[in-house]
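Chemist: Sending over a structure as structure tokens; questions will come in a sec.
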Amino acid sequence: MGVGWDGRETVLLGNVRPWQLRPGREGQLMPLNDLWQAWWHDRPDAQDGDLTRLRWTLTHFVARNDTTESELQSELDGAELEAEVLDLLGLDMEGLQDLLEDADEDERAEHRATVTAAEVRQDLRRRTLHRTLGPLVALRLEYPDLARVIMDALHDQHATPTDTDMALDAWETALSYLPTDVQVHVDPQYTWRREDPRDLLDPLRPCGAWASWTAEQVQRLWNVILHLGQAFPKLPRQRPDTALLLRAYEHGWANRDDLLDQLIGARPEEGRYSSGNDFRDLGAYTRRTVRADLPTHPDWLSAVNDVRERVLEVELARGDLETPATRPALALQGVHGADLPLRLLAALGKNPLKRGYQGHSESRDVTFSHLIRVSFPLPGDTPAGFRAQAQALKLTDARLLDLAMFAPQWAPLVSGALGWRGLQDGVYWLHAHTRDSNWSVPQDVRDAWEAEITERTPLSAADLTEGAVDVEWFRRTHGALGAPRFAALLDAAKYASSSGGHKRAELYARAVLGELDGTDLRARIDEKRNQDAVRALGLLPLPRAKASARALTDRYRVISDFRRGARQFGAQRQASERRAADIGLHNLARTAGYTDPQRLVWAMEARSAPDWTRTVTVDGVTLGITLTDAGEASLTVRRGEKALKTLPPALKKVPDVIALRESVTELNATRLRMRAALEDAMVRGDHLQPQELADLAAHPVIAPMLRSLVWIMNEEHAGWWQGDTLDTPGGPRMIGRQALRLAHPHDLFTLGQWPVFQAQVMDRRITQPFRQVFREYYPPTPAEADAKRSTRFDGHQVQPGKAAALLKARGWVPVPEEGVRKTWHAEGLNVWIDTSLGYGTPNEVEGTPLNAAYFLRRGETEPLPLSQVPPRVFSETMRDLDLVVSVAHVGGVDPEATQSTTAMRSALLRETLRLLQLGNVRLENDHALIDGHHARYTVHLGSGAVHRQPGGFLCIVPVHNAHQGRVFLPFADPDPRTAEVVSKVLLLAEDRRIQDPTILEQLR
């Protein structure tokens, strides 16, 4: 088959879907092209026109074996009508029988109407298609859909003028049999389903590009298209393709009246069935820039301009009622000149401009507002002329500000006319920071606005929509405009959104100016969990002198607590609140002068350490804080030399004791925050400067974490951070001024030093704050190298509730009707899984299948080849899915779905066995093979299942809490299954020492 979604794949021809056989859009040949070409060239009794005959055959047969003509005709009379009825009802034969058995009189009447409609369709087919091609013939094809695709591809390559002439002959003949009084077929059951009888003849319509036909054939096509559109008065008018119309005009078969009719000819009433009632050509050719792929002609463009001028002339003179020019006016996508928007604005008077989606409204205000929005200045328009026209029409300055905000393309002329320096920047700043995608604004206009915005800010459109703020841009704008003028501009800000989205921009502006009370913002955050308030809190100016550091720390704590509190909600709200908190930290970092929020996090955590060396003595009881080697804080209570297990109740309300206990809580909270922050930094690939590491190392809780992790320097050296040096396998290396980043398993794998660091972790008994050296790693497989999606977990059945909870905890969000999505913001990537997890009705019995995973750039629809996905992102995504499959699998732990987990446990066991000098254990094929004293055993590294060889299952019941502190794991993550597997292997490797009678009984 070649390269497809899942890379290069080979599929049985009978299992191929039709779209997989089609030639590629960029000229790639269809699969098995040589086979089809050889068949075509070597076919017996070859004749000119075979391609057209084959196309007819593949659309004009009944699927059955040979039989006599009378038997076939008798069956067709009933079977064809029966098929029509079932098609109209959307039922199979069993469903139809059930319907008729239980039907009341109304339902039976409806069925009779359906039968009548089916008879009409059947009669029409026989009078046209069957009369032209003959009656249906018996033909048994296993794969007719594939045959049609193959014939279409061969037709594109080998069609001759004879094929075109034959197709035109048949089409003309069938059309001549179609009654001129035929009407649209309306489904009696679903009246919104309508069918144009002319569509029944589509199997006869010539295929292929007519651009390569002879002039005589093109003229025949033109005449047929004219007949098709005009010869059936009871059917909707069908107009020719614009390219064909312009070819006909060049040859003299069409005239200027035909051009004008194509642009503005009468259309059916709104809401009626029609194939061309939207004035699409008028809209497409009045855009600011006509698409390069559209056909054109000087006389056609002249007709477009004439129609546009006439439409504007009629519409500007209208009253409250719509005119024949109203719908064409709403179709216009571009008009030019300063005179038009000013006249429209004056005609509106005091009425507000209409913003947002207006449906099918054709009111005067809606039409005039649309024309203002799609109007653009001409090169000759000047601020002086603009001002003179505005004064002549008695337009106020406030009304001109409305125009600038509603249609920002006029902001430069409004700025010049009013003499307001900085107005254009102010207009675009408000638009950029409004919570509105402006999807109801024509795309051309939106593109022009976005081009102006991107010139003024480095923030992406996605970041701005999510609430990021360009403070420097605001300060430039506000400084140029001044407070009174900016306030006047804010009054017009409502026209920057379709509803109330401008309130966000106003909130941000007031926050940057320091006009908001921080206490009020915190109240909105605590009481209402208002996300805009979280973003705005980071924008408030910091006080001067000593209060600045305290205010910065307090705001950091508020935003961090808000982010941590998001876990109580569902996946979608959790994702949006976390994103709001991230943007709040971005804003706070910029306000405080940090280059990025991660630098702010490091600084805040480094300076927030309470005094853990302080002791408190009350009534002979001394309290202090002790830290473990891993940085975990706990309260110590002593009376003299005796350690007390609990704090005496009388001391719990003593202020100094309360403060000391709060210090313990804060130290452990810092440990949890930094553990998550360091893991995120590893996944993102963040770099830390030497001074930042030194500042963090001053914190008693953070320092052990930094020294227990592997760092990368200069992308080529990996080692343990030791202050000024990096302890690498090749010896110490001076760090100097080089930035470091946390090593991901991908780095250790590519450097070839992964086993070395795993051995060092075990030898030194290092407990890492999260899985790093023994983290599961998922590189793309060779089969995925050319693929656009990963199918390694495709088809696994998982428990919906448990799987959705696991994915939610790792940042995945369910999107109804689309699947489950995780966004990698820094990389600008979305990863999708097509599954119903997280929405619909969970089916805990049957389970929900996971499907393939694929990656998209934000704002794009074409999946990325997996080879272009950053390795860290790909590995972490697969790690999430492996976790879901292994924990939430319908059958419990699925051994085949946890290859990376078993590989991690294998590495952990290898190092443990080396340290304990146990040589009677081999690790093969996801199993530990143990040569014990009593017997030989196997332990599965995924499920922990134990079997005796020879013999059957060996029942060893784990007590997970008993493993804590007794089985060394080189990471702080709670992993009872790994502890269980390691302890079982060690137990059976020394089975002479087993004393548990229930186990010994099984070994006898």
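We label chains A, B, ... in the order they appear in the structure tokens, count residues from 1 in each chain, and number ligands from 1 in the order shown.
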Need to verify the contact set: Asp299 in chain A, 12 Å, only C-alpha atoms, exclusion of same-chain residues closer than 5 positions in sequence. Can you return it as a list in words?
Modeler: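 Listing them by chain and then by number gives Leu246, Tyr249, Glu250, Asn255, Arg256, Asp257, Asp258, Leu259, Leu260, Val304, Asn305 and Asp306 of chain A.
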Chemist: Keeping only N, CA, C and O atoms, write the selected residues as a compact mmCIF listing (two decimals), in the first residue's frame.
Modeler:
# COMPACT_ATOMS: atom_id res chain seq x y z
N LEU A 246 -16.79 31.87 -18.14
CA LEU A 246 -15.79 32.76 -18.74
C LEU A 246 -15.21 32.16 -20.02
O LEU A 246 -14.88 32.91 -20.96
N TYR A 249 -17.74 32.91 -22.58
CA TYR A 249 -17.70 34.34 -22.93
C TYR A 249 -16.56 34.61 -23.91
O TYR A 249 -16.72 35.39 -24.87
N GLU A 250 -15.43 33.98 -23.68
CA GLU A 250 -14.28 34.17 -24.58
C GLU A 250 -14.61 33.69 -25.99
O GLU A 250 -14.15 34.28 -26.98
N ASN A 255 -22.69 36.30 -23.25
CA ASN A 255 -22.48 37.74 -23.38
C ASN A 255 -22.47 38.40 -22.00
O ASN A 255 -22.53 37.73 -20.98
N ARG A 256 -22.43 39.74 -21.99
CA ARG A 256 -22.35 40.47 -20.72
C ARG A 256 -23.58 40.21 -19.84
O ARG A 256 -23.46 40.17 -18.61
N ASP A 257 -24.74 40.01 -20.48
CA ASP A 257 -25.93 39.72 -19.68
C ASP A 257 -25.75 38.43 -18.87
O ASP A 257 -26.23 38.34 -17.73
N ASP A 258 -25.08 37.45 -19.46
CA ASP A 258 -24.81 36.21 -18.73
C ASP A 258 -23.89 36.46 -17.53
O ASP A 258 -24.06 35.87 -16.46
N LEU A 259 -22.90 37.35 -17.71
CA LEU A 259 -22.01 37.68 -16.60
C LEU A 259 -22.79 38.35 -15.47
O LEU A 259 -22.61 38.01 -14.29
N LEU A 260 -23.64 39.30 -15.82
CA LEU A 260 -24.42 40.01 -14.80
C LEU A 260 -25.40 39.07 -14.11
O LEU A 260 -25.62 39.16 -12.89
N VAL A 304 -18.07 42.92 -12.16
CA VAL A 304 -18.09 42.87 -10.70
C VAL A 304 -18.12 44.28 -10.12
O VAL A 304 -18.92 44.58 -9.22
N ASN A 305 -17.27 45.17 -10.64
CA ASN A 305 -17.24 46.55 -10.12
C ASN A 305 -18.54 47.28 -10.40
O ASN A 305 -19.04 48.03 -9.55
N ASP A 306 -19.10 47.07 -11.60
CA ASP A 306 -20.37 47.73 -11.92
C ASP A 306 -21.49 47.26 -11.00
O ASP A 306 -22.32 48.06 -10.52
Chemist: Enumerate the residues of range 508-739 of chain A with a DSSP assignment of strand (DSSP E), computed from the backbone, and present them as a ChimeraX atom specification.
Modeler: /A:616-618,621-627,633-639,642-643,687-688,710-713,717-721,725-728,731-734
Chemist: Please provide as a ChimeraX atom specification all residues within 10 Å of Gly932 in chain A, with the sequence filter that same-chain residues fewer than 2 positions apart are discarded (counting only C-alpha atoms).
Modeler: /A:920-921,929-930,934-937,987-992
Chemist: CA of Arg671 in chain A and CA of Val534 in chain A are how many Å apart?
Modeler: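 CA of Val534 in chain A lies 23.7 Å from CA of Arg671 in chain A.
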Chemist: Tell me which protein, DNA and RNA residues are within 7 Å of Leu51 in chain A, counting only C-alpha atoms, leaving out same-chain ones fewer than 6 positions away, and put them as a ChimeraX atom specification.
Modeler: /A:155,159,163
Chemist: Using only C-alpha atoms, which residues sit within 10 Å of Gly49 in chain A once same-chain residues fewer than 3 positions away are excluded, as a ChimeraX atom specification?
Modeler: /A:46,52-54,159-167
Chemist: Could you save those same residues with N, CA and C atoms as a PDB file, in the first residue's frame?
Modeler:
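To be explicit, this is the file written out as again.pdb:
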ATOM      1  N   ALA A  46      -9.802  -4.651 -26.961  1.00  0.00           N
ATOM      2  CA  ALA A  46      -9.773  -3.232 -26.579  1.00  0.00           C
ATOM      3  C   ALA A  46     -10.442  -2.375 -27.646  1.00  0.00           C
ATOM      4  N   THR A  52     -15.535   4.773 -20.687  1.00  0.00           N
ATOM      5  CA  THR A  52     -16.893   5.255 -20.429  1.00  0.00           C
ATOM      6  C   THR A  52     -17.855   4.088 -20.269  1.00  0.00           C
ATOM      7  N   ARG A  53     -17.701   3.050 -21.097  1.00  0.00           N
ATOM      8  CA  ARG A  53     -18.583   1.885 -20.960  1.00  0.00           C
ATOM      9  C   ARG A  53     -18.406   1.225 -19.594  1.00  0.00           C
ATOM     10  N   LEU A  54     -17.149   1.124 -19.135  1.00  0.00           N
ATOM     11  CA  LEU A  54     -16.900   0.518 -17.842  1.00  0.00           C
ATOM     12  C   LEU A  54     -17.506   1.362 -16.713  1.00  0.00           C
ATOM     13  N   ALA A 159      -8.394   8.719 -20.804  1.00  0.00           N
ATOM     14  CA  ALA A 159      -9.635   9.064 -21.510  1.00  0.00           C
ATOM     15  C   ALA A 159      -9.318   9.707 -22.857  1.00  0.00           C
ATOM     16  N   THR A 160     -10.126   9.383 -23.853  1.00  0.00           N
ATOM     17  CA  THR A 160      -9.953   9.908 -25.215  1.00  0.00           C
ATOM     18  C   THR A 160     -11.152  10.782 -25.577  1.00  0.00           C
ATOM     19  N   PRO A 161     -11.069  11.547 -26.669  1.00  0.00           N
ATOM     20  CA  PRO A 161     -12.236  12.323 -27.113  1.00  0.00           C
ATOM     21  C   PRO A 161     -13.479  11.459 -27.310  1.00  0.00           C
ATOM     22  N   THR A 162     -13.283  10.198 -27.682  1.00  0.00           N
ATOM     23  CA  THR A 162     -14.437   9.306 -27.855  1.00  0.00           C
ATOM     24  C   THR A 162     -15.164   9.101 -26.529  1.00  0.00           C
ATOM     25  N   ASP A 163     -14.395   8.931 -25.441  1.00  0.00           N
ATOM     26  CA  ASP A 163     -15.017   8.775 -24.113  1.00  0.00           C
ATOM     27  C   ASP A 163     -15.856  10.002 -23.782  1.00  0.00           C
ATOM     28  N   THR A 164     -15.322  11.183 -24.059  1.00  0.00           N
ATOM     29  CA  THR A 164     -16.066  12.412 -23.755  1.00  0.00           C
ATOM     30  C   THR A 164     -17.318  12.516 -24.611  1.00  0.00           C
ATOM     31  N   ASP A 165     -17.200  12.216 -25.911  1.00  0.00           N
ATOM     32  CA  ASP A 165     -18.371  12.293 -26.803  1.00  0.00           C
ATOM     33  C   ASP A 165     -19.456  11.314 -26.374  1.00  0.00           C
ATOM     34  N   MET A 166     -19.060  10.100 -25.998  1.00  0.00           N
ATOM     35  CA  MET A 166     -20.049   9.107 -25.577  1.00  0.00           C
ATOM     36  C   MET A 166     -20.768   9.574 -24.310  1.00  0.00           C
ATOM     37  N   ALA A 167     -20.016  10.131 -23.354  1.00  0.00           N
ATOM     38  CA  ALA A 167     -20.629  10.596 -22.110  1.00  0.00           C
ATOM     39  C   ALA A 167     -21.585  11.752 -22.377  1.00  0.00           C
TER      40      ALA A 167
END
Chemist: Report as number ranges by chain all protein, DNA and RNA residues lying within 8 Å of range 195-211 of chain A, evaluated on only C-alpha atoms, omitting residues in the same chain fewer than 6 positions from it.
Modeler: A: 56, 59, 125, 128-129, 155-156, 164, 167-168, 170-171, 174-175, 182-186, 218, 228, 235
Chemist: What's around Phe61 in chain A at 10 Å? Count only C-alpha atoms, leave out sequence neighbours fewer than 6 positions away in its own chain, and write the answer as a PyMOL selection string.
Modeler: chain A and resi 135-141
Chemist: Based on the selection just made, write N, CA and C atoms of those residues as an mmCIF file, in the first residue's frame.
Modeler:
data_model
loop_
_atom_site.group_PDB
_atom_site.id
_atom_site.type_symbol
_atom_site.label_atom_id
_atom_site.label_comp_id
_atom_site.auth_asym_id
_atom_site.auth_seq_id
_atom_site.Cartn_x
_atom_site.Cartn_y
_atom_site.Cartn_z
ATOM 1 N N PRO A 135 -31.991 -1.730 -19.401
ATOM 2 C CA PRO A 135 -32.342 -2.164 -18.041
ATOM 3 C C PRO A 135 -31.107 -2.619 -17.273
ATOM 4 N N LEU A 136 -31.257 -2.669 -15.944
ATOM 5 C CA LEU A 136 -30.162 -3.155 -15.111
ATOM 6 C C LEU A 136 -29.811 -4.591 -15.478
ATOM 7 N N VAL A 137 -28.521 -4.925 -15.364
ATOM 8 C CA VAL A 137 -28.064 -6.280 -15.690
ATOM 9 C C VAL A 137 -27.563 -6.936 -14.417
ATOM 10 N N ALA A 138 -27.557 -8.280 -14.424
ATOM 11 C CA ALA A 138 -27.049 -9.035 -13.273
ATOM 12 C C ALA A 138 -25.530 -9.064 -13.331
ATOM 13 N N LEU A 139 -24.900 -8.684 -12.205
ATOM 14 C CA LEU A 139 -23.438 -8.656 -12.158
ATOM 15 C C LEU A 139 -23.018 -8.849 -10.705
ATOM 16 N N ARG A 140 -22.182 -9.837 -10.472
ATOM 17 C CA ARG A 140 -21.713 -10.095 -9.120
ATOM 18 C C ARG A 140 -20.270 -9.601 -9.003
ATOM 19 N N LEU A 141 -20.063 -8.522 -8.249
ATOM 20 C CA LEU A 141 -18.726 -7.969 -8.002
ATOM 21 C C LEU A 141 -18.450 -8.007 -6.504
#
Chemist: When DSSP is applied to the backbone of this structure, which of range 585-729 of chain A are assigned helix (DSSP H, G or I)? Write them out as an MDAnalysis selection string.
Modeler: chainID A and resid 585:592 597:607 649:651 655:684 690:697 702:707
Chemist: For the interface of range 442-531 of chain A with range 858-866 of chain A (cut-off 12 Å, counting only C-alpha atoms), please tabulate each contacting residue of range 442-531 of chain A alongside its nearest pair of atoms and their separation in Å to one decimal, rows sorted by chain and increasing number, as a tab-separated table.
Modeler:
residue	atom	partner	partner_atom	distance
A:Ser460	CA	A:Arg858	CA	10.9
A:Ala461	CA	A:Gly859	CA	10.0
A:Ala462	CA	A:Arg858	CA	8.3
A:Asp463	CA	A:Arg858	CA	11.1
Chemist: Could you check the closest approach to Val621 in chain A for each of A:Val657, A:Leu856, A:Ala580, A:Ala606 and tell me which residue wins, using only C-alpha atoms?
Modeler: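 Ranking A:Val657, A:Leu856, A:Ala580, A:Ala606 by distance to Val621 in chain A, first place goes to A:Val657.
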Chemist: When distances are computed from only C-alpha atoms, which of A:Tyr428, A:Phe855, A:Trp222, A:Phe406 shows the smallest separation from Leu244 in chain A?
Modeler: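 Among the listed residues, A:Trp222 lies closest to Leu244 in chain A.
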Chemist: In Å, how far is it from CA of Leu915 in chain A to CA of Ser886 in chain A?
Modeler: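 For CA of Leu915 in chain A relative to CA of Ser886 in chain A, the distance reads 29.2 Å.
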Chemist: Considering only C-alpha atoms, can you say which of A:Ala852, A:Ala448, A:Leu588, A:Ala581 comes closest to Ala551 in chain A?
Modeler: A:Leu588
Chemist: Provide the CA of Ala659 in chain A to CA of Thr626 in chain A distance in Å, to one decimal place.
Modeler: 15.2 Å
Chemist: Restrict the calculation to only C-alpha atoms, then for each residue of range 723-770 of chain A with any atom at most 8 Å from an atom of range 677-681 of chain A give the closest atom pair and their distance in Å to one decimal, rows by chain and rising residue number, as a tab-separated table.
Modeler:
residue	atom	partner	partner_atom	distance
A:Arg741	CA	A:Ala681	CA	7.9
A:Leu742	CA	A:Ala681	CA	7.1
A:Phe770	CA	A:Glu679	CA	6.9
